[in-house]
>>> print(open('final07.cif').read())   # mmCIF, C-alpha atoms
data_structure
loop_
_atom_site.label_atom_id
_atom_site.label_comp_id
_atom_site.auth_asym_id
_atom_site.auth_seq_id
_atom_site.Cartn_x
_atom_site.Cartn_y
_atom_site.Cartn_z
CA MET A 9 0.00 0.00 0.00
CA ASP A 10 1.88 3.06 -1.22
CA ALA A 11 1.05 6.61 -0.23
CA ALA A 12 -1.11 8.26 -2.88
CA PRO A 13 -1.15 12.06 -3.01
CA LEU A 14 -4.39 13.66 -1.87
CA PRO A 15 -6.42 15.14 -4.73
CA GLY A 16 -6.40 18.93 -4.68
CA PHE A 17 -10.19 19.19 -4.88
CA LEU A 18 -10.73 17.54 -1.49
CA PRO A 19 -11.76 20.75 0.37
CA HIS A 20 -14.14 21.50 -2.48
CA ALA A 21 -15.75 18.09 -2.01
CA LEU A 22 -16.51 19.13 1.58
CA LEU A 23 -17.92 22.42 0.29
CA LEU A 24 -20.10 20.53 -2.20
CA SER A 25 -21.32 18.32 0.63
CA LEU A 26 -22.26 21.41 2.67
CA LEU A 27 -24.14 22.98 -0.25
CA LEU A 28 -26.05 19.77 -1.04
CA PHE A 29 -27.05 19.43 2.61
CA VAL A 30 -28.31 23.02 2.75
CA ILE A 31 -30.26 22.62 -0.50
CA GLY A 32 -31.87 19.50 0.96
CA ALA A 33 -32.76 21.32 4.18
CA LEU A 34 -34.22 24.21 2.19
CA GLY A 35 -36.36 21.73 0.26
CA VAL A 36 -37.65 20.20 3.50
CA PHE A 37 -38.66 23.70 4.65
CA LEU A 38 -40.22 24.93 1.41
CA ARG A 39 -41.81 21.97 -0.37
CA ARG A 40 -45.21 20.69 0.73
CA ASN A 41 -45.50 17.38 -1.11
CA VAL A 42 -44.61 14.54 1.29
CA ILE A 43 -42.71 12.60 -1.37
CA THR A 44 -40.63 15.63 -2.40
CA ILE A 45 -39.76 16.25 1.25
CA PHE A 46 -38.72 12.62 1.46
CA MET A 47 -36.46 13.03 -1.56
CA CYS A 48 -34.87 16.06 0.09
CA VAL A 49 -34.09 13.94 3.16
CA GLU A 50 -32.36 11.43 0.87
CA LEU A 51 -30.39 14.32 -0.63
CA MET A 52 -29.22 15.35 2.85
CA LEU A 53 -28.16 11.77 3.63
CA ASN A 54 -26.13 11.75 0.41
CA ALA A 55 -24.44 15.02 1.32
CA VAL A 56 -23.33 13.48 4.61
CA ASN A 57 -22.09 10.39 2.75
CA LEU A 58 -19.94 12.62 0.55
CA ALA A 59 -18.38 14.23 3.62
CA PHE A 60 -17.68 10.77 5.08
CA VAL A 61 -15.95 9.62 1.90
CA ALA A 62 -13.91 12.83 1.63
CA PHE A 63 -12.71 12.63 5.23
CA SER A 64 -11.99 8.94 4.82
CA ARG A 65 -9.77 9.76 1.84
CA ALA A 66 -8.05 12.56 3.73
CA HIS A 67 -7.17 10.41 6.73
CA GLY A 68 -6.48 7.20 4.82
CA ASN A 69 -8.96 5.39 7.09
CA LEU A 70 -11.69 3.06 5.88
CA ASP A 71 -14.03 3.50 8.86
CA GLY A 72 -15.77 6.39 7.12
CA GLN A 73 -16.57 4.22 4.12
CA VAL A 74 -18.02 1.52 6.32
CA LEU A 75 -20.24 4.18 7.90
CA VAL A 76 -21.39 5.22 4.41
CA PHE A 77 -22.36 1.59 3.88
CA PHE A 78 -24.47 1.63 7.05
CA VAL A 79 -26.06 4.96 6.10
CA MET A 80 -27.11 3.43 2.79
CA VAL A 81 -28.68 0.46 4.58
CA VAL A 82 -30.61 2.75 6.90
CA ALA A 83 -31.69 4.95 3.98
CA ALA A 84 -33.04 1.93 2.11
CA ALA A 85 -35.00 0.75 5.16
CA GLU A 86 -36.25 4.28 5.79
CA ALA A 87 -37.42 4.69 2.18
CA ALA A 88 -39.35 1.41 2.30
CA VAL A 89 -41.15 2.21 5.56
CA GLY A 90 -41.65 5.89 4.71
CA LEU A 91 -43.19 5.21 1.32
CA ALA A 92 -45.52 2.64 2.90
CA ILE A 93 -46.63 5.35 5.34
CA VAL A 94 -47.15 7.73 2.38
CA ILE A 95 -49.40 5.17 0.69
CA ALA A 96 -51.41 4.75 3.90
CA LEU A 97 -51.71 8.55 4.27
CA GLN A 98 -52.90 8.95 0.68
CA ARG A 99 -55.50 6.25 1.28
CA HIS A 100 -56.83 8.00 4.40
CA LYS A 101 -56.82 11.65 3.33
CA ASP A 102 -56.64 11.48 -0.47
CA THR A 103 -53.90 14.12 -0.55
CA LEU A 104 -50.12 14.35 -0.17
CA ASP A 105 -50.04 17.92 1.15
CA VAL A 106 -48.19 18.05 4.48
CA ASP A 107 -50.43 20.86 5.69
CA SER A 108 -53.41 18.49 5.81
CA PHE A 109 -51.68 15.97 8.07
CA SER A 110 -52.14 17.76 11.38
CA LEU A 111 -53.61 15.01 13.55
CA MET A 112 -50.75 15.13 16.07
CA LYS A 113 -50.57 18.92 16.18
CA TRP A 114 -52.12 20.77 19.10
CA MET B 20 -8.03 15.45 -15.61
CA ASP B 21 -9.45 14.27 -12.28
CA ALA B 22 -9.96 17.84 -11.15
CA ILE B 23 -11.87 18.77 -14.33
CA LEU B 24 -14.09 15.70 -13.96
CA PHE B 25 -14.69 16.55 -10.31
CA TYR B 26 -15.88 20.06 -11.12
CA VAL B 27 -18.12 18.77 -13.92
CA PHE B 28 -19.71 16.23 -11.58
CA ALA B 29 -20.01 18.81 -8.80
CA ALA B 30 -21.78 21.27 -11.12
CA LEU B 31 -24.12 18.49 -12.29
CA ALA B 32 -24.89 17.51 -8.70
CA LEU B 33 -25.60 21.10 -7.64
CA ALA B 34 -27.80 21.77 -10.67
CA GLY B 35 -29.70 18.53 -10.08
CA ALA B 36 -30.16 19.33 -6.39
CA LEU B 37 -31.52 22.79 -7.20
CA LEU B 38 -33.90 21.23 -9.72
CA VAL B 39 -35.10 18.75 -7.08
CA ILE B 40 -36.37 21.52 -4.83
CA GLY B 41 -37.10 24.05 -7.58
CA GLN B 42 -40.14 22.55 -9.24
CA ARG B 43 -43.64 21.52 -8.35
CA ASN B 44 -43.91 18.21 -10.17
CA PRO B 45 -42.46 15.40 -7.98
CA ILE B 46 -41.75 13.15 -10.98
CA TYR B 47 -39.27 15.69 -12.37
CA SER B 48 -37.78 16.04 -8.89
CA ALA B 49 -37.21 12.28 -8.80
CA PHE B 50 -35.43 12.33 -12.17
CA SER B 51 -33.19 15.23 -11.08
CA LEU B 52 -32.39 13.31 -7.91
CA ILE B 53 -31.17 10.41 -10.08
CA VAL B 54 -28.79 12.86 -11.81
CA VAL B 55 -27.49 13.94 -8.39
CA PHE B 56 -26.92 10.33 -7.31
CA CYS B 57 -25.08 9.41 -10.50
CA SER B 58 -22.76 12.43 -10.33
CA LEU B 59 -22.07 11.72 -6.65
CA SER B 60 -21.12 8.20 -7.70
CA GLY B 61 -18.61 9.69 -10.14
CA ILE B 62 -17.16 11.83 -7.35
CA TYR B 63 -16.77 8.77 -5.12
CA GLY B 64 -14.88 7.10 -7.93
CA LEU B 65 -12.59 10.12 -8.24
CA LEU B 66 -11.99 9.99 -4.48
CA GLY B 67 -10.67 6.45 -4.92
CA SER B 68 -13.65 4.50 -3.57
CA PRO B 69 -14.92 2.22 -6.35
CA PHE B 70 -16.95 0.05 -3.96
CA ILE B 71 -18.98 2.97 -2.59
CA ALA B 72 -19.39 4.37 -6.13
CA THR B 73 -20.91 1.07 -7.27
CA LEU B 74 -23.14 0.84 -4.22
CA GLN B 75 -24.34 4.39 -4.83
CA ILE B 76 -25.56 3.45 -8.31
CA VAL B 77 -26.99 0.07 -7.33
CA VAL B 78 -28.68 1.03 -4.05
CA TYR B 79 -29.63 4.68 -4.53
CA ALA B 80 -30.14 5.18 -8.26
CA GLY B 81 -31.32 1.60 -8.66
CA ALA B 82 -33.34 0.44 -5.69
CA ILE B 83 -34.41 3.53 -3.78
CA MET B 84 -35.28 5.72 -6.75
CA VAL B 85 -37.23 2.92 -8.44
CA LEU B 86 -39.23 2.64 -5.21
CA PHE B 87 -39.88 6.40 -5.25
CA LEU B 88 -40.92 6.44 -8.91
CA PHE B 89 -43.09 3.37 -8.36
CA VAL B 90 -45.00 5.10 -5.55
CA LEU B 91 -45.25 8.36 -7.53
CA MET B 92 -46.81 6.54 -10.48
CA LEU B 93 -48.98 4.38 -8.21
CA LEU B 94 -50.51 7.39 -6.47
CA ASN B 95 -50.80 9.43 -9.69
CA VAL B 96 -49.30 12.49 -7.98
CA LYS B 97 -50.35 15.82 -9.42
CA LYS B 98 -48.52 19.10 -9.35
CA GLU B 99 -48.20 20.81 -6.01
CA GLU B 100 -50.73 23.64 -5.58
CA PRO B 101 -49.43 27.03 -4.46
CA HIS B 102 -49.81 27.81 -0.78
CA GLN B 103 -53.30 28.67 0.41
CA VAL B 104 -51.90 30.57 3.35
CA THR B 105 -48.92 32.47 1.99
CA SER B 106 -46.87 33.72 4.87
CA PRO B 107 -43.93 35.97 3.96
CA TRP B 108 -42.25 34.72 7.12
CA LEU B 109 -42.10 31.11 5.95
CA LYS B 110 -39.62 31.57 3.10
CA ALA B 111 -37.65 34.22 4.98
CA SER B 112 -37.22 32.07 8.07
CA ALA B 113 -36.24 29.04 5.97
CA LEU B 114 -33.59 31.12 4.19
CA VAL B 115 -32.25 32.53 7.47
CA LEU B 116 -32.04 29.05 9.00
CA CYS B 117 -30.17 27.72 5.97
CA LEU B 118 -27.74 30.65 5.92
CA LEU B 119 -27.09 29.99 9.60
CA LEU B 120 -26.38 26.36 8.73
CA VAL B 121 -23.96 27.40 5.97
CA PHE B 122 -22.17 29.72 8.36
CA GLN B 123 -21.87 27.18 11.19
CA ALA B 124 -20.85 24.20 9.09
CA GLY B 125 -18.61 26.40 6.94
CA THR B 126 -16.63 27.63 9.93
CA VAL B 127 -16.21 24.07 11.17
CA LEU B 128 -15.05 22.84 7.77
CA LEU B 129 -12.68 25.76 7.21
CA ARG B 130 -11.14 25.18 10.60
CA ALA B 131 -10.25 21.60 9.66
CA PRO B 132 -6.58 20.91 10.33
CA THR B 133 -4.20 20.93 7.41
CA TRP B 134 -4.02 17.50 5.89
CA PRO B 135 -0.83 15.69 4.91
CA ALA B 136 0.05 15.87 1.23
CA SER B 137 -0.30 12.11 0.81
CA VAL B 138 -1.61 9.23 2.89
CA PRO B 139 -1.66 5.50 2.20
CA PHE B 140 -5.14 4.65 1.01
CA ASP B 141 -6.64 1.44 -0.33
CA ALA B 142 -10.43 1.31 -0.63
CA SER B 143 -10.64 -1.68 -2.93
CA THR B 144 -13.49 -4.12 -2.41
CA ARG B 145 -11.08 -6.54 -0.78
CA SER B 146 -9.94 -4.15 1.94
CA MET B 147 -13.53 -2.90 2.41
CA ALA B 148 -14.59 -6.50 3.06
CA HIS B 149 -11.74 -6.96 5.56
CA GLN B 150 -12.87 -3.83 7.38
CA LEU B 151 -16.58 -4.72 7.27
CA PHE B 152 -16.07 -8.24 8.62
CA SER B 153 -13.47 -7.29 11.22
CA PRO B 154 -14.63 -7.75 14.85
CA HIS B 155 -15.00 -3.97 14.93
CA PHE B 156 -18.01 -3.83 12.62
CA LEU B 157 -19.16 -7.45 12.35
CA TYR B 158 -21.97 -7.26 14.90
CA ALA B 159 -23.28 -3.97 13.52
CA PHE B 160 -23.18 -5.48 10.04
CA GLU B 161 -25.19 -8.51 11.16
CA ALA B 162 -27.63 -6.24 13.00
CA THR B 163 -28.43 -4.40 9.76
CA SER B 164 -29.96 -7.61 8.40
CA VAL B 165 -32.43 -7.55 11.30
CA LEU B 166 -33.10 -3.87 10.53
CA ILE B 167 -33.85 -4.65 6.89
CA LEU B 168 -36.13 -7.53 7.92
CA GLY B 169 -37.99 -5.22 10.32
CA ALA B 170 -38.38 -2.57 7.62
CA LEU B 171 -39.66 -5.19 5.18
CA VAL B 172 -42.32 -6.49 7.57
CA GLY B 173 -43.22 -2.95 8.64
CA ALA B 174 -43.64 -1.74 5.05
CA VAL B 175 -45.92 -4.66 4.17
CA ALA B 176 -47.98 -4.15 7.34
CA LEU B 177 -48.31 -0.38 6.79
CA ALA B 178 -49.27 -0.59 3.13
CA LYS B 179 -51.95 -3.24 3.69
CA LYS B 180 -55.54 -2.35 2.78
CA GLU B 181 -56.97 -2.26 6.30
CA LEU B 182 -54.61 -0.96 8.95
#
>>> encode(input="final07.cif", output="structure tokens")
Amino acid sequence: MDAAPLPGFLPHALLLSLLLFVIGALGVFLRRNVITIFMCVELMLNAVNLAFVAFSRAHGNLDGQVLVFFVMVVAAAEAAVGLAIVIALQRHKDTLDVDSFSLMKW
Amino acid sequence: MDAILFYVFAALALAGALLVIGQRNPIYSAFSLIVVFCSLSGIYGLLGSPFIATLQIVVYAGAIMVLFLFVLMLLNVKKEEPHQVTSPWLKASALVLCLLLVFQAGTVLLRAPTWPASVPFDASTRSMAHQLFSPHFLYAFEATSVLILGALVGAVALAKKEL
């Protein structure tokens, strides 16, 4: 295992990760369709994955990549359960607008 | 060459991400999200992680996005209507919160210690497997199978006709 030079764009990968995360957060705030909000959450998870991979490359340590693997597993499980909940919501209320799901709001 | 490719992929990812949140039709959002996932996969490849790059395509662009598109088509989702109650505070507060996030995370990232010019790095599938099945991560790895099983049963139970 020989030492490979770090790519010069590594700090910019972290910057890209930050921007993707913020765009995802903005989408969660502004969009009102449940499925679009869900997609924005996936975008935020991906931004964090990018930061993990970049730091893993910078430190020459594989633990970050293993964490990315686990994040992907959790994201897949979350998408399956979340979309099932979306189907149940659509069946009950006949809409996907988050403003109409206010049962647990007081 | 790598740097040029990185900036191309980064621009694609940013444009795709902006398109995800910038339009009212969720189907188009889903397709833009696929663009983001594929360009992120390219970036992982450039960062020397072929295994994660492959997983990104297979799991995210393959499995998860197909699930999303399947549900979108199943529910026949229409365009999002404009807000009934338009509050000027909503967009403003969202923007302020996100700027705050940029500021906080940006200061943390910029304060990162200077990295060495080169480190030994081997993220081939072989060394990933050694890491994943080392005693360090083995139990967590086995636990994820239980998690997936739970999600599977939960999804079937939730999507059944009568709850």
>>> interface_residues(input="final07.cif", of="chain B", to="chain A", cutoff="7 Å", atoms="only C-alpha atoms", output="CSV table (one decimal) with C-alpha atoms, in the coordinates of the input")
chain,number,residue,atom,x,y,z
B,22,ALA,CA,-10.0,17.8,-11.2
B,29,ALA,CA,-20.0,18.8,-8.8
B,33,LEU,CA,-25.6,21.1,-7.6
B,36,ALA,CA,-30.2,19.3,-6.4
B,37,LEU,CA,-31.5,22.8,-7.2
B,40,ILE,CA,-36.4,21.5,-4.8
B,45,PRO,CA,-42.5,15.4,-8.0
B,66,LEU,CA,-12.0,10.0,-4.5
B,83,ILE,CA,-34.4,3.5,-3.8
B,99,GLU,CA,-48.2,20.8,-6.0
B,110,LYS,CA,-39.6,31.6,3.1
B,113,ALA,CA,-36.2,29.0,6.0
B,117,CYS,CA,-30.2,27.7,6.0
B,121,VAL,CA,-24.0,27.4,6.0
B,134,TRP,CA,-4.0,17.5,5.9
B,136,ALA,CA,0.0,15.9,1.2
B,137,SER,CA,-0.3,12.1,0.8
B,138,VAL,CA,-1.6,9.2,2.9
B,139,PRO,CA,-1.7,5.5,2.2
B,140,PHE,CA,-5.1,4.6,1.0
B,141,ASP,CA,-6.6,1.4,-0.3
B,142,ALA,CA,-10.4,1.3,-0.6
B,151,LEU,CA,-16.6,-4.7,7.3
B,167,ILE,CA,-33.8,-4.6,6.9
B,170,ALA,CA,-38.4,-2.6,7.6
B,173,GLY,CA,-43.2,-3.0,8.6
B,174,ALA,CA,-43.6,-1.7,5.0
B,177,LEU,CA,-48.3,-0.4,6.8
B,178,ALA,CA,-49.3,-0.6,3.1
>>> atom_distance(input="final07.cif", atom1="atom CA of B:Ala30", atom2="atom CA of B:Val55")
9.7 Å
>>> residues_around(input="final07.cif", residues="B:Ser51", least_positions_apart="6", cutoff="8 Å", atoms="all atoms listed in the file", output="compact mmCIF listing (two decimals) with C-alpha atoms, keeping the file's coordinate frame")
# COMPACT_ATOMS: atom_id res chain seq x y z
CA GLY B 35 -29.70 18.53 -10.08
CA ALA B 36 -30.16 19.33 -6.39
CA LEU B 38 -33.90 21.23 -9.72
CA VAL B 39 -35.10 18.75 -7.08
>>> closest_residue(input="final07.cif", among="A:Phe60, A:Val79, A:Lys113, A:Lys101", to="B:Tyr79", atoms="all atoms listed in the file")
A:Val79
>>> atom_distance(input="final07.cif", atom1="atom CA of B:Leu65", atom2="atom CA of B:Phe25")
7.1 Å
>>> atom_distance(input="final07.cif", atom1="atom CA of B:Arg145", atom2="atom CA of A:Gly72")
15.9 Å
>>> residues_around(input="final07.cif", residues="B:Val77", least_positions_apart="6", cutoff="12 Å", atoms="only C-alpha atoms", output="ChimeraX atom specification")
/A:80,84 /B:53,56-57,60,70-71,83-85
>>> axis_aligned_box(input="final07.cif", around="stretch 59-62 of chain B", padding_each_side="5 Å", output="AutoDock Vina command-line options")
--center_x -19.6 --center_y 10.0 --center_z -8.4 --size_x 14.9 --size_y 13.6 --size_z 13.5
>>> build_atoms(input="final07.cif", residues="stretch 10-21 of chain A", atoms="all heavy atoms", output="compact mmCIF listing (two decimals), in the coordinates of the input")
# COMPACT_ATOMS: atom_id res chain seq x y z
N ASP A 10 1.01 1.89 -1.14
CA ASP A 10 1.88 3.06 -1.22
C ASP A 10 1.05 4.33 -1.02
O ASP A 10 -0.13 4.36 -1.30
CB ASP A 10 2.60 3.10 -2.58
CG ASP A 10 1.65 2.80 -3.71
OD1 ASP A 10 0.68 2.05 -3.46
OD2 ASP A 10 1.86 3.31 -4.82
N ALA A 11 1.75 5.35 -0.54
CA ALA A 11 1.05 6.61 -0.23
C ALA A 11 0.67 7.32 -1.53
O ALA A 11 1.51 7.62 -2.35
CB ALA A 11 1.95 7.50 0.60
N ALA A 12 -0.63 7.53 -1.70
CA ALA A 12 -1.11 8.26 -2.88
C ALA A 12 -1.34 9.71 -2.49
O ALA A 12 -1.85 9.98 -1.41
CB ALA A 12 -2.41 7.64 -3.38
N PRO A 13 -0.93 10.65 -3.36
CA PRO A 13 -1.15 12.06 -3.01
C PRO A 13 -2.64 12.40 -2.95
O PRO A 13 -3.44 11.86 -3.71
CB PRO A 13 -0.46 12.81 -4.16
CG PRO A 13 -0.38 11.83 -5.27
CD PRO A 13 -0.26 10.48 -4.64
N LEU A 14 -2.98 13.26 -2.01
CA LEU A 14 -4.39 13.66 -1.87
C LEU A 14 -4.79 14.50 -3.07
O LEU A 14 -4.02 15.35 -3.52
CB LEU A 14 -4.57 14.50 -0.61
CG LEU A 14 -4.54 13.80 0.73
CD1 LEU A 14 -4.92 14.78 1.81
CD2 LEU A 14 -5.48 12.64 0.74
N PRO A 15 -5.98 14.28 -3.63
CA PRO A 15 -6.42 15.14 -4.73
C PRO A 15 -6.64 16.57 -4.23
O PRO A 15 -7.07 16.79 -3.10
CB PRO A 15 -7.73 14.49 -5.18
CG PRO A 15 -8.15 13.62 -4.07
CD PRO A 15 -6.92 13.22 -3.32
N GLY A 16 -6.33 17.53 -5.09
CA GLY A 16 -6.40 18.93 -4.68
C GLY A 16 -7.81 19.42 -4.44
O GLY A 16 -8.01 20.44 -3.77
N PHE A 17 -8.81 18.70 -4.99
CA PHE A 17 -10.19 19.19 -4.88
C PHE A 17 -10.86 18.71 -3.60
O PHE A 17 -12.06 18.89 -3.44
CB PHE A 17 -11.01 18.76 -6.09
CG PHE A 17 -10.96 17.29 -6.42
CD1 PHE A 17 -11.68 16.40 -5.64
CD2 PHE A 17 -10.21 16.82 -7.47
CE1 PHE A 17 -11.65 15.05 -5.92
CE2 PHE A 17 -10.17 15.46 -7.76
CZ PHE A 17 -10.89 14.59 -6.99
N LEU A 18 -10.10 18.11 -2.69
CA LEU A 18 -10.73 17.54 -1.49
C LEU A 18 -11.50 18.57 -0.66
O LEU A 18 -12.64 18.31 -0.27
CB LEU A 18 -9.65 16.86 -0.66
CG LEU A 18 -10.11 15.66 0.16
CD1 LEU A 18 -10.91 14.70 -0.71
CD2 LEU A 18 -8.94 14.95 0.75
N PRO A 19 -10.95 19.76 -0.37
CA PRO A 19 -11.76 20.75 0.37
C PRO A 19 -13.03 21.14 -0.38
O PRO A 19 -14.05 21.40 0.24
CB PRO A 19 -10.80 21.94 0.50
CG PRO A 19 -9.47 21.40 0.28
CD PRO A 19 -9.60 20.26 -0.65
N HIS A 20 -12.95 21.14 -1.71
CA HIS A 20 -14.14 21.50 -2.48
C HIS A 20 -15.20 20.41 -2.41
O HIS A 20 -16.39 20.70 -2.53
CB HIS A 20 -13.75 21.79 -3.93
CG HIS A 20 -12.87 22.99 -4.05
ND1 HIS A 20 -12.06 23.23 -5.12
CD2 HIS A 20 -12.65 24.00 -3.19
CE1 HIS A 20 -11.39 24.34 -4.93
NE2 HIS A 20 -11.74 24.82 -3.76
N ALA A 21 -14.77 19.16 -2.20
CA ALA A 21 -15.75 18.09 -2.01
C ALA A 21 -16.53 18.34 -0.72
O ALA A 21 -17.74 18.15 -0.67
CB ALA A 21 -15.06 16.74 -1.97
